[in-house]
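Engineer: Just one file: work.cif, with mmCIF, C-alpha atoms and all ligand atoms.
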```cif
data_model
#
loop_
_atom_site.label_atom_id
_atom_site.label_comp_id
_atom_site.auth_asym_id
_atom_site.auth_seq_id
_atom_site.Cartn_x
_atom_site.Cartn_y
_atom_site.Cartn_z
CA MET A 1 4.54 1.88 -3.54
CA ARG A 2 2.06 4.31 -1.99
CA ILE A 3 3.39 7.70 -0.96
CA TYR A 4 1.41 9.87 1.45
CA LEU A 5 2.31 13.50 2.02
CA SER A 6 1.26 15.02 5.33
CA GLU A 7 1.58 18.71 6.09
CA ASP A 8 3.74 18.40 9.17
CA TYR A 9 5.25 15.97 11.68
CA LYS A 10 2.06 15.68 13.73
CA ALA A 11 -0.09 14.84 10.71
CA MET A 12 2.55 12.41 9.46
CA SER A 13 2.63 10.66 12.83
CA ARG A 14 -1.14 10.37 12.92
CA ARG A 15 -1.21 8.89 9.44
CA ALA A 16 1.49 6.35 10.30
CA ALA A 17 -0.36 5.44 13.51
CA ASN A 18 -3.54 4.95 11.48
CA ILE A 19 -1.80 2.44 9.23
CA ILE A 20 -0.35 0.57 12.22
CA SER A 21 -3.68 0.55 14.05
CA ALA A 22 -5.48 -0.76 10.94
CA GLN A 23 -3.02 -3.67 10.98
CA VAL A 24 -3.62 -4.27 14.70
CA ILE A 25 -7.40 -4.14 14.30
CA THR A 26 -7.59 -6.36 11.22
CA LYS A 27 -5.08 -8.92 12.58
CA PRO A 28 -4.96 -8.64 16.38
CA ASP A 29 -2.16 -11.22 16.65
CA SER A 30 0.07 -9.46 14.11
CA VAL A 31 3.84 -9.50 14.32
CA LEU A 32 4.96 -5.87 14.15
CA GLY A 33 8.54 -4.97 13.28
CA LEU A 34 9.36 -1.77 15.16
CA ALA A 35 11.92 1.01 14.85
CA THR A 36 13.44 3.47 17.28
CA GLY A 37 14.82 6.96 16.52
CA GLY A 38 13.13 10.34 16.56
CA THR A 39 10.78 9.91 13.61
CA PRO A 40 8.37 7.22 14.93
CA VAL A 41 7.97 8.78 18.40
CA GLY A 42 4.88 10.78 17.38
CA ALA A 43 3.24 7.68 15.89
CA TYR A 44 3.89 5.75 19.11
CA GLN A 45 2.36 8.60 21.15
CA GLN A 46 -0.73 8.51 18.96
CA LEU A 47 -1.06 4.73 19.35
CA VAL A 48 -0.78 5.10 23.14
CA GLU A 49 -3.50 7.76 23.06
CA TRP A 50 -5.85 5.52 21.08
CA TYR A 51 -5.09 2.61 23.39
CA LYS A 52 -5.95 4.75 26.43
CA LYS A 53 -9.22 5.76 24.80
CA GLY A 54 -10.06 2.07 24.44
CA ASP A 55 -9.88 2.08 20.65
CA LEU A 56 -6.98 -0.34 20.36
CA SER A 57 -5.60 -3.43 22.09
CA PHE A 58 -2.15 -4.94 21.75
CA ALA A 59 -2.93 -7.94 23.98
CA GLU A 60 -2.12 -10.48 21.27
CA ILE A 61 0.43 -8.42 19.31
CA LYS A 62 4.04 -9.57 19.07
CA THR A 63 6.90 -7.25 18.23
CA VAL A 64 10.45 -7.57 16.96
CA ASN A 65 12.68 -4.51 16.94
CA LEU A 66 15.10 -3.74 14.17
CA ASP A 67 18.27 -3.19 16.12
CA GLU A 68 20.16 -2.61 19.36
CA TYR A 69 23.51 -1.13 20.36
CA LEU A 70 26.13 -3.69 21.27
CA GLY A 71 27.40 -3.18 24.81
CA LEU A 72 24.37 -1.36 26.25
CA SER A 73 22.21 -3.03 28.88
CA PRO A 74 18.43 -2.97 28.42
CA HIS A 75 18.30 -0.48 31.32
CA HIS A 76 20.72 1.99 29.74
CA GLU A 77 18.74 5.10 28.82
CA GLN A 78 20.08 5.07 25.28
CA SER A 79 19.43 1.39 24.64
CA TYR A 80 16.71 0.69 22.14
CA ARG A 81 14.98 -1.66 24.61
CA TYR A 82 14.71 1.25 27.05
CA PHE A 83 13.43 3.50 24.25
CA MET A 84 10.68 1.03 23.38
CA GLN A 85 9.61 0.64 27.01
CA VAL A 86 9.43 4.40 27.57
CA ASN A 87 7.83 5.35 24.26
CA LEU A 88 5.40 2.48 23.80
CA PHE A 89 5.47 -0.80 25.71
CA ASP A 90 5.06 0.63 29.23
CA HIS A 91 1.86 2.41 28.20
CA ILE A 92 -0.08 -0.31 26.37
CA ASP A 93 -1.41 -3.80 27.14
CA ILE A 94 1.26 -5.71 25.21
CA LYS A 95 2.59 -8.78 27.06
CA PRO A 96 6.25 -8.22 27.97
CA GLU A 97 7.14 -11.71 26.73
CA ASN A 98 5.75 -10.79 23.31
CA THR A 99 8.18 -7.91 22.85
CA HIS A 100 11.55 -8.80 21.35
CA VAL A 101 14.63 -6.61 21.14
CA LEU A 102 18.13 -7.91 20.39
CA ASN A 103 20.25 -8.34 23.52
CA GLY A 104 23.03 -5.74 23.46
CA LEU A 105 24.86 -7.64 26.20
CA ALA A 106 24.87 -10.99 24.41
CA LYS A 107 28.13 -12.84 25.18
CA ASP A 108 28.09 -14.33 21.70
CA PRO A 109 26.71 -11.64 19.36
CA GLN A 110 26.79 -13.92 16.30
CA ALA A 111 24.71 -16.53 18.12
CA GLU A 112 22.31 -13.80 19.25
CA CYS A 113 21.85 -12.75 15.60
CA ALA A 114 21.26 -16.33 14.45
CA ALA A 115 18.72 -16.86 17.25
CA TYR A 116 16.92 -13.65 16.25
CA ASN A 117 16.59 -14.81 12.64
CA GLN A 118 15.14 -18.08 13.95
CA LEU A 119 12.78 -16.19 16.27
CA ILE A 120 11.40 -14.16 13.35
CA ARG A 121 10.84 -17.39 11.43
CA ASP A 122 9.20 -19.07 14.45
CA LEU A 123 6.83 -16.12 14.81
CA GLY A 124 5.75 -16.71 11.22
CA GLY A 125 7.48 -13.64 9.79
CA ILE A 126 6.75 -9.94 10.15
CA ASP A 127 3.31 -8.69 9.11
CA LEU A 128 4.12 -4.97 9.15
CA GLN A 129 7.61 -3.55 9.43
CA LEU A 130 7.91 0.08 10.53
CA LEU A 131 11.08 1.85 9.38
CA GLY A 132 12.76 5.21 9.71
CA MET A 133 15.58 6.27 7.42
CA GLY A 134 18.97 7.76 8.24
CA HIS A 135 20.37 10.84 6.48
CA ASN A 136 22.58 8.57 4.40
CA GLY A 137 19.68 6.32 3.45
CA HIS A 138 20.36 3.63 6.03
CA ILE A 139 17.49 1.46 7.25
CA ALA A 140 17.97 -0.24 10.60
CA PHE A 141 21.80 -0.18 10.79
CA ASN A 142 22.26 -1.25 7.17
CA GLU A 143 24.70 1.36 5.97
CA PRO A 144 25.61 2.41 2.40
CA GLY A 145 27.53 -0.37 0.66
CA ASP A 146 26.20 -3.16 2.88
CA ASP A 147 25.09 -6.38 1.25
CA PHE A 148 21.35 -6.59 0.53
CA GLY A 149 21.49 -10.35 1.24
CA LEU A 150 22.32 -10.05 4.95
CA GLU A 151 20.08 -11.25 7.76
CA THR A 152 20.55 -10.10 11.38
CA HIS A 153 24.24 -9.31 11.87
CA VAL A 154 26.85 -7.41 13.85
CA VAL A 155 27.44 -3.92 12.44
CA THR A 156 30.30 -1.46 12.75
CA LEU A 157 28.74 1.99 12.84
CA THR A 158 29.93 4.59 10.31
CA ASP A 159 31.38 7.90 11.46
CA ARG A 160 28.29 9.68 10.12
CA THR A 161 25.91 7.51 12.12
CA ILE A 162 28.06 7.94 15.24
CA ASP A 163 27.95 11.72 14.66
CA ALA A 164 24.18 11.68 14.16
CA ASN A 165 23.62 9.66 17.35
CA THR A 166 26.03 11.66 19.52
CA ARG A 167 23.16 14.04 20.38
CA PHE A 168 21.66 11.31 22.55
CA PHE A 169 24.84 10.69 24.60
CA GLU A 170 26.98 12.83 26.92
CA SER A 171 29.82 12.75 24.41
CA ARG A 172 30.80 11.19 21.08
CA ASP A 173 33.10 8.77 22.92
CA GLU A 174 30.13 7.23 24.67
CA VAL A 175 28.33 6.26 21.47
CA PRO A 176 28.75 2.50 20.95
CA ARG A 177 30.80 1.59 17.88
CA HIS A 178 28.90 -1.60 17.14
CA ALA A 179 25.30 -2.69 16.95
CA LEU A 180 23.18 -5.74 16.20
CA SER A 181 20.79 -5.19 13.33
CA MET A 182 18.30 -6.97 11.18
CA GLY A 183 19.61 -7.15 7.63
CA ILE A 184 17.95 -5.96 4.45
CA LYS A 185 16.89 -9.56 3.80
CA ASN A 186 14.83 -9.70 7.02
CA ILE A 187 13.24 -6.34 6.20
CA MET A 188 12.40 -7.32 2.62
CA GLN A 189 10.75 -10.52 3.87
CA ALA A 190 8.18 -8.53 5.88
CA ARG A 191 4.74 -8.78 4.29
CA ARG A 192 4.17 -5.01 4.48
CA ILE A 193 6.52 -2.10 5.07
CA LEU A 194 5.73 1.35 6.41
CA ILE A 195 8.54 3.90 6.26
CA VAL A 196 8.26 7.29 7.95
CA VAL A 197 10.39 10.32 7.07
CA SER A 198 10.36 13.85 8.40
CA GLY A 199 12.35 17.04 7.88
CA GLU A 200 13.97 18.92 5.05
CA GLU A 201 17.42 17.53 5.80
CA LYS A 202 16.23 14.13 4.57
CA ALA A 203 14.59 15.43 1.35
CA GLU A 204 17.59 14.80 -0.89
CA THR A 205 18.07 11.23 0.32
CA VAL A 206 14.33 10.50 0.17
CA CYS A 207 14.41 11.56 -3.48
CA LYS A 208 17.44 9.38 -4.22
CA ALA A 209 15.92 6.41 -2.40
CA PHE A 210 12.49 6.48 -4.02
CA ALA A 211 13.02 8.20 -7.38
CA GLY A 212 16.58 7.10 -8.13
CA PRO A 213 18.13 3.77 -9.04
CA VAL A 214 18.15 0.84 -6.61
CA THR A 215 21.69 0.89 -5.29
CA LYS A 216 23.63 -0.29 -2.26
CA ASP A 217 24.85 3.32 -1.91
CA VAL A 218 21.34 4.22 -0.72
CA PRO A 219 20.09 1.20 1.28
CA ALA A 220 16.47 2.43 1.45
CA SER A 221 16.29 2.31 -2.37
CA VAL A 222 15.94 -1.47 -2.08
CA LEU A 223 12.37 -0.87 -0.86
CA GLN A 224 11.40 -0.06 -4.46
CA LEU A 225 11.67 -3.82 -5.06
CA HIS A 226 9.17 -4.71 -2.29
CA PRO A 227 5.56 -5.33 -3.40
CA ASP A 228 3.84 -3.58 -0.46
CA VAL A 229 5.55 -0.40 0.78
CA THR A 230 3.91 2.73 2.14
CA LEU A 231 6.01 5.86 2.52
CA VAL A 232 4.56 8.48 4.85
CA GLY A 233 6.38 11.78 5.03
CA ASP A 234 5.87 15.39 5.94
CA ARG A 235 5.94 18.07 3.23
CA ALA A 236 9.56 18.99 3.98
CA ALA A 237 10.91 15.46 3.67
CA LEU A 238 8.97 14.77 0.46
CA SER A 239 9.71 18.17 -1.14
CA LYS A 240 12.41 16.96 -3.54
CA LEU A 241 10.37 13.89 -4.50
CA VAL A 242 7.45 16.17 -5.41
CA GLU A 243 9.82 18.45 -7.36
CA ALA A 244 11.01 15.41 -9.27
CA GLY A 245 7.42 14.80 -10.38
CA VAL A 246 6.77 11.63 -8.36
CA PRO A 247 3.01 11.33 -7.72
CA VAL A 248 2.01 11.49 -4.05
CA CYS A 249 -1.35 11.19 -2.27
CA GLY A 250 -2.39 14.10 -0.05
C1 LIG B 301 16.21 2.75 14.46
C2 LIG B 301 16.77 2.55 13.15
C3 LIG B 301 17.40 3.66 12.37
C4 LIG B 301 16.58 4.93 12.32
C5 LIG B 301 17.24 5.99 11.48
C6 LIG B 301 16.46 7.30 11.47
O1 LIG B 301 15.70 1.55 14.98
O2 LIG B 301 16.78 1.46 12.71
O3 LIG B 301 17.64 3.21 11.06
O4 LIG B 301 15.30 4.63 11.80
O5 LIG B 301 18.53 6.24 11.95
O6 LIG B 301 16.49 7.84 12.75
P1 LIG B 301 15.65 9.16 13.10
O7 LIG B 301 14.21 8.77 13.03
O8 LIG B 301 16.08 9.52 14.49
O9 LIG B 301 16.02 10.17 12.07
#
```
So, in terms of structure tokens, how does the structure I just supplied come out?

Structural biologist:
Amino acid sequence: MRIYLSEDYKAMSRRAANIISAQVITKPDSVLGLATGGTPVGAYQQLVEWYKKGDLSFAEIKTVNLDEYLGLSPHHEQSYRYFMQVNLFDHIDIKPENTHVLNGLAKDPQAECAAYNQLIRDLGGIDLQLLGMGHNGHIAFNEPGDDFGLETHVVTLTDRTIDANTRFFESRDEVPRHALSMGIKNIMQARRILIVVSGEEKAETVCKAFAGPVTKDVPASVLQLHPDVTLVGDRAALSKLVEAGVPVCG
């Protein structure tokens, strides 16, 4: 695992965008696994900026997103499809048909999950999977205790995740209770993984995930078993890891 420490959120975002753009440049028809949430927004902005400058093209890129709320339409402002359109897809030359997000309105959610697993296989697998990490160590919607062997599945959100996501909705009641999410197995099958973390409030969990034992209690710890992971964090998020003596690159 490579660990890169950036001074602040902006520098972290730029570094993450550099790694993604290197993938896009070296394999222009890459399959990118993408994440939503606050952490990757800066990296997406940087990619858009480089695209607008003419340094990058996504014309042959395909994407698969990690997850989607069950019950939200793609046009709902808090749906992850909407997030991806607003933060990335609407501003670059990616073909709409090459962008894939789970359908939160699927009549048969189990069938939607099975079809998504098949889609990932049909695309030839994920070349680079971008991840964020929740305060409890979740990746995608794989919560503490979840089975590492799962592929895309229907998830019941934990109270903590509902609490954390309430800030995006009018009230806690409006936060969906279920989601569709890639499983740890899909994530671990990606050829490369890039995980971005920011902020002091994640420092403890970052330390547990990357310097502690691999355990289902901290889902992100499973990434220690992947052969090609890059962790990019700001100084605050990596502070406890540094204190624990884990070597990081500046
Ligand atoms: C989003 C996702 C989530 C987030 C995580 C961190 O697609 O899968 O696991 O990456 O909740 O979210 P932020 O970046 O908002 O702290």

Engineer: If you count all atoms listed in the file, which residues fall within 6 Å of Asn65 in chain A, apart from same-chain ones fewer than 6 positions away, as a PyMOL selection string?

Structural biologist: chain A and resi 33-35+101

Engineer: At a cut-off of 8 Å, can you tabulate as a tab-separated table every residue of chain A near ligand LIG 301 (chain B) together with its closest atom pair and the distance in Å to one decimal, using only C-alpha atoms and all ligand atoms and ordering rows by chain then number?

Structural biologist:
```
residue	atom	partner	partner_atom	distance
A:Leu34	CA	B:LIG301	O1	7.2
A:Ala35	CA	B:LIG301	O1	3.8
A:Thr36	CA	B:LIG301	O1	3.8
A:Gly37	CA	B:LIG301	O8	3.5
A:Gly38	CA	B:LIG301	O8	3.7
A:Thr39	CA	B:LIG301	O7	3.7
A:Pro40	CA	B:LIG301	O7	6.3
A:Asn65	CA	B:LIG301	O1	7.0
A:Leu66	CA	B:LIG301	O1	5.4
A:Asp67	CA	B:LIG301	O1	5.5
A:Glu68	CA	B:LIG301	O1	7.5
A:Tyr80	CA	B:LIG301	O1	7.3
A:Leu131	CA	B:LIG301	O4	5.6
A:Gly132	CA	B:LIG301	O4	3.3
A:Met133	CA	B:LIG301	C6	4.3
A:Gly134	CA	B:LIG301	O5	4.0
A:His135	CA	B:LIG301	O9	7.1
A:His138	CA	B:LIG301	O3	5.7
A:Ile139	CA	B:LIG301	O3	4.2
A:Ala140	CA	B:LIG301	O2	3.0
A:Phe141	CA	B:LIG301	O3	5.4
A:Asn142	CA	B:LIG301	O3	7.5
A:Thr161	CA	B:LIG301	O5	7.5
A:Ser181	CA	B:LIG301	O2	7.8
A:Val196	CA	B:LIG301	O7	8.0
A:Val197	CA	B:LIG301	O7	7.2
A:Ser198	CA	B:LIG301	O9	7.7
```

Engineer: Kindly save the residues from that selection, with C-alpha atoms included, as an mmCIF file, in the frame of the given file.

Structural biologist:
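The result, written out as again08.cif:
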```cif
data_model
loop_
_atom_site.group_PDB
_atom_site.id
_atom_site.type_symbol
_atom_site.label_atom_id
_atom_site.label_comp_id
_atom_site.auth_asym_id
_atom_site.auth_seq_id
_atom_site.Cartn_x
_atom_site.Cartn_y
_atom_site.Cartn_z
ATOM 1 C CA LEU A 34 9.360 -1.770 15.160
ATOM 2 C CA ALA A 35 11.920 1.010 14.850
ATOM 3 C CA THR A 36 13.440 3.470 17.280
ATOM 4 C CA GLY A 37 14.820 6.960 16.520
ATOM 5 C CA GLY A 38 13.130 10.340 16.560
ATOM 6 C CA THR A 39 10.780 9.910 13.610
ATOM 7 C CA PRO A 40 8.370 7.220 14.930
ATOM 8 C CA ASN A 65 12.680 -4.510 16.940
ATOM 9 C CA LEU A 66 15.100 -3.740 14.170
ATOM 10 C CA ASP A 67 18.270 -3.190 16.120
ATOM 11 C CA GLU A 68 20.160 -2.610 19.360
ATOM 12 C CA TYR A 80 16.710 0.690 22.140
ATOM 13 C CA LEU A 131 11.080 1.850 9.380
ATOM 14 C CA GLY A 132 12.760 5.210 9.710
ATOM 15 C CA MET A 133 15.580 6.270 7.420
ATOM 16 C CA GLY A 134 18.970 7.760 8.240
ATOM 17 C CA HIS A 135 20.370 10.840 6.480
ATOM 18 C CA HIS A 138 20.360 3.630 6.030
ATOM 19 C CA ILE A 139 17.490 1.460 7.250
ATOM 20 C CA ALA A 140 17.970 -0.240 10.600
ATOM 21 C CA PHE A 141 21.800 -0.180 10.790
ATOM 22 C CA ASN A 142 22.260 -1.250 7.170
ATOM 23 C CA THR A 161 25.910 7.510 12.120
ATOM 24 C CA SER A 181 20.790 -5.190 13.330
ATOM 25 C CA VAL A 196 8.260 7.290 7.950
ATOM 26 C CA VAL A 197 10.390 10.320 7.070
ATOM 27 C CA SER A 198 10.360 13.850 8.400
#
```

Engineer: Which is closest to Leu238 in chain A among A:Cys207, A:Leu88, A:Met188, A:Ala43, if we use all atoms listed in the file?

Structural biologist: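 When distances to Leu238 in chain A are compared using all atoms listed in the file, the smallest one comes from A:Cys207.
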
Engineer: What separation in Å, quoted to one decimal, exists between CA of Ser73 in chain A and CA of Leu180 in chain A?

Structural biologist: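 About the pair CA of Ser73 in chain A and CA of Leu180 in chain A: they are 13.0 Å apart.
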
Engineer: Please, what distance in Å, to one decimal, runs between CA of Gly71 in chain A and CA of Lys202 in chain A?

Structural biologist: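 For CA of Gly71 in chain A relative to CA of Lys202 in chain A, the distance reads 28.9 Å.
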
Engineer: Any idea what the distance is between CA of Thr158 in chain A and CA of Glu170 in chain A?

Structural biologist: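 Distance reported for this atom pair: 18.8 Å.
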
Engineer: Within 12 Å of Trp50 in chain A, counting only C-alpha atoms, which residues show up once you throw out same-chain ones fewer than 2 positions away? Write them as a PDB file with C-alpha atoms, in the frame of the given file, please.

Structural biologist:
```pdb
ATOM      1  CA  ARG A  14      -1.140  10.370  12.920  1.00  0.00           C
ATOM      2  CA  ALA A  17      -0.360   5.440  13.510  1.00  0.00           C
ATOM      3  CA  ASN A  18      -3.540   4.950  11.480  1.00  0.00           C
ATOM      4  CA  ILE A  20      -0.350   0.570  12.220  1.00  0.00           C
ATOM      5  CA  SER A  21      -3.680   0.550  14.050  1.00  0.00           C
ATOM      6  CA  ALA A  22      -5.480  -0.760  10.940  1.00  0.00           C
ATOM      7  CA  VAL A  24      -3.620  -4.270  14.700  1.00  0.00           C
ATOM      8  CA  ILE A  25      -7.400  -4.140  14.300  1.00  0.00           C
ATOM      9  CA  ALA A  43       3.240   7.680  15.890  1.00  0.00           C
ATOM     10  CA  TYR A  44       3.890   5.750  19.110  1.00  0.00           C
ATOM     11  CA  GLN A  45       2.360   8.600  21.150  1.00  0.00           C
ATOM     12  CA  GLN A  46      -0.730   8.510  18.960  1.00  0.00           C
ATOM     13  CA  LEU A  47      -1.060   4.730  19.350  1.00  0.00           C
ATOM     14  CA  VAL A  48      -0.780   5.100  23.140  1.00  0.00           C
ATOM     15  CA  LYS A  52      -5.950   4.750  26.430  1.00  0.00           C
ATOM     16  CA  LYS A  53      -9.220   5.760  24.800  1.00  0.00           C
ATOM     17  CA  GLY A  54     -10.060   2.070  24.440  1.00  0.00           C
ATOM     18  CA  ASP A  55      -9.880   2.080  20.650  1.00  0.00           C
ATOM     19  CA  LEU A  56      -6.980  -0.340  20.360  1.00  0.00           C
ATOM     20  CA  SER A  57      -5.600  -3.430  22.090  1.00  0.00           C
ATOM     21  CA  PHE A  58      -2.150  -4.940  21.750  1.00  0.00           C
ATOM     22  CA  LEU A  88       5.400   2.480  23.800  1.00  0.00           C
ATOM     23  CA  HIS A  91       1.860   2.410  28.200  1.00  0.00           C
ATOM     24  CA  ILE A  92      -0.080  -0.310  26.370  1.00  0.00           C
ATOM     25  CA  ASP A  93      -1.410  -3.800  27.140  1.00  0.00           C
TER      26      ASP A  93
END
```

Engineer: So which one's closest to Arg192 in chain A, A:Val229, A:Leu150, A:Ala244, A:Met12? Using only C-alpha atoms, please.

Structural biologist: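 Smallest separation from Arg192 in chain A among the options: A:Val229.
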
Engineer: Let me make sure I understand: among A:Ile162, A:Met1, A:Ala59, A:Val246, which one has the smallest atom-to-atom distance to Lys95 in chain A if we use all atoms listed in the file?

Structural biologist: A:Ala59

Engineer: Restricting the calculation to all atoms listed in the file, which member of A:His153, A:Arg177, A:Lys240, A:Arg235 is positioned closest to Tyr4 in chain A?

Structural biologist: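 Of all the options, A:Arg235 lies closest to Tyr4 in chain A.
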
Engineer: Could you tell me which of A:Thr205, A:Glu97, A:Phe210, A:Gly199 comes closest to Lys10 in chain A if we count all atoms listed in the file?

Structural biologist: A:Gly199

Engineer: Report, as lines of an AutoDock Vina configuration file, the centre and edge lengths in Å (one decimal) of the axis-aligned box enclosing every listed atom of range 241-244 of chain A, padded by 3 Å on each side.

Structural biologist:
```
center_x = 9.2
center_y = 16.2
center_z = -6.9
size_x = 9.6
size_y = 10.6
size_z = 10.8
```

Engineer: Please determine, counting all atoms listed in the file, which residue among A:Asn165, A:Arg160, A:Arg172, A:Ala220 has the shortest atom-to-atom distance to Ile184 in chain A.

Structural biologist: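 Nearest to Ile184 in chain A: A:Ala220.
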
Engineer: Write out as an MDAnalysis selection string which residues come within 10 Å of Ala11 in chain A when counting all atoms listed in the file, dropping same-chain ones fewer than 4 positions away.

Structural biologist: chainID A and resid 5:7 15:17 42:43 232:234

Engineer: Counting only C-alpha atoms, what is within 12 Å of Gln78 in chain A, bar same-chain residues fewer than 6 positions away, as a PyMOL selection string?

Structural biologist: chain A and resi 36-37+68-72+84-86+104+165-170+174-176
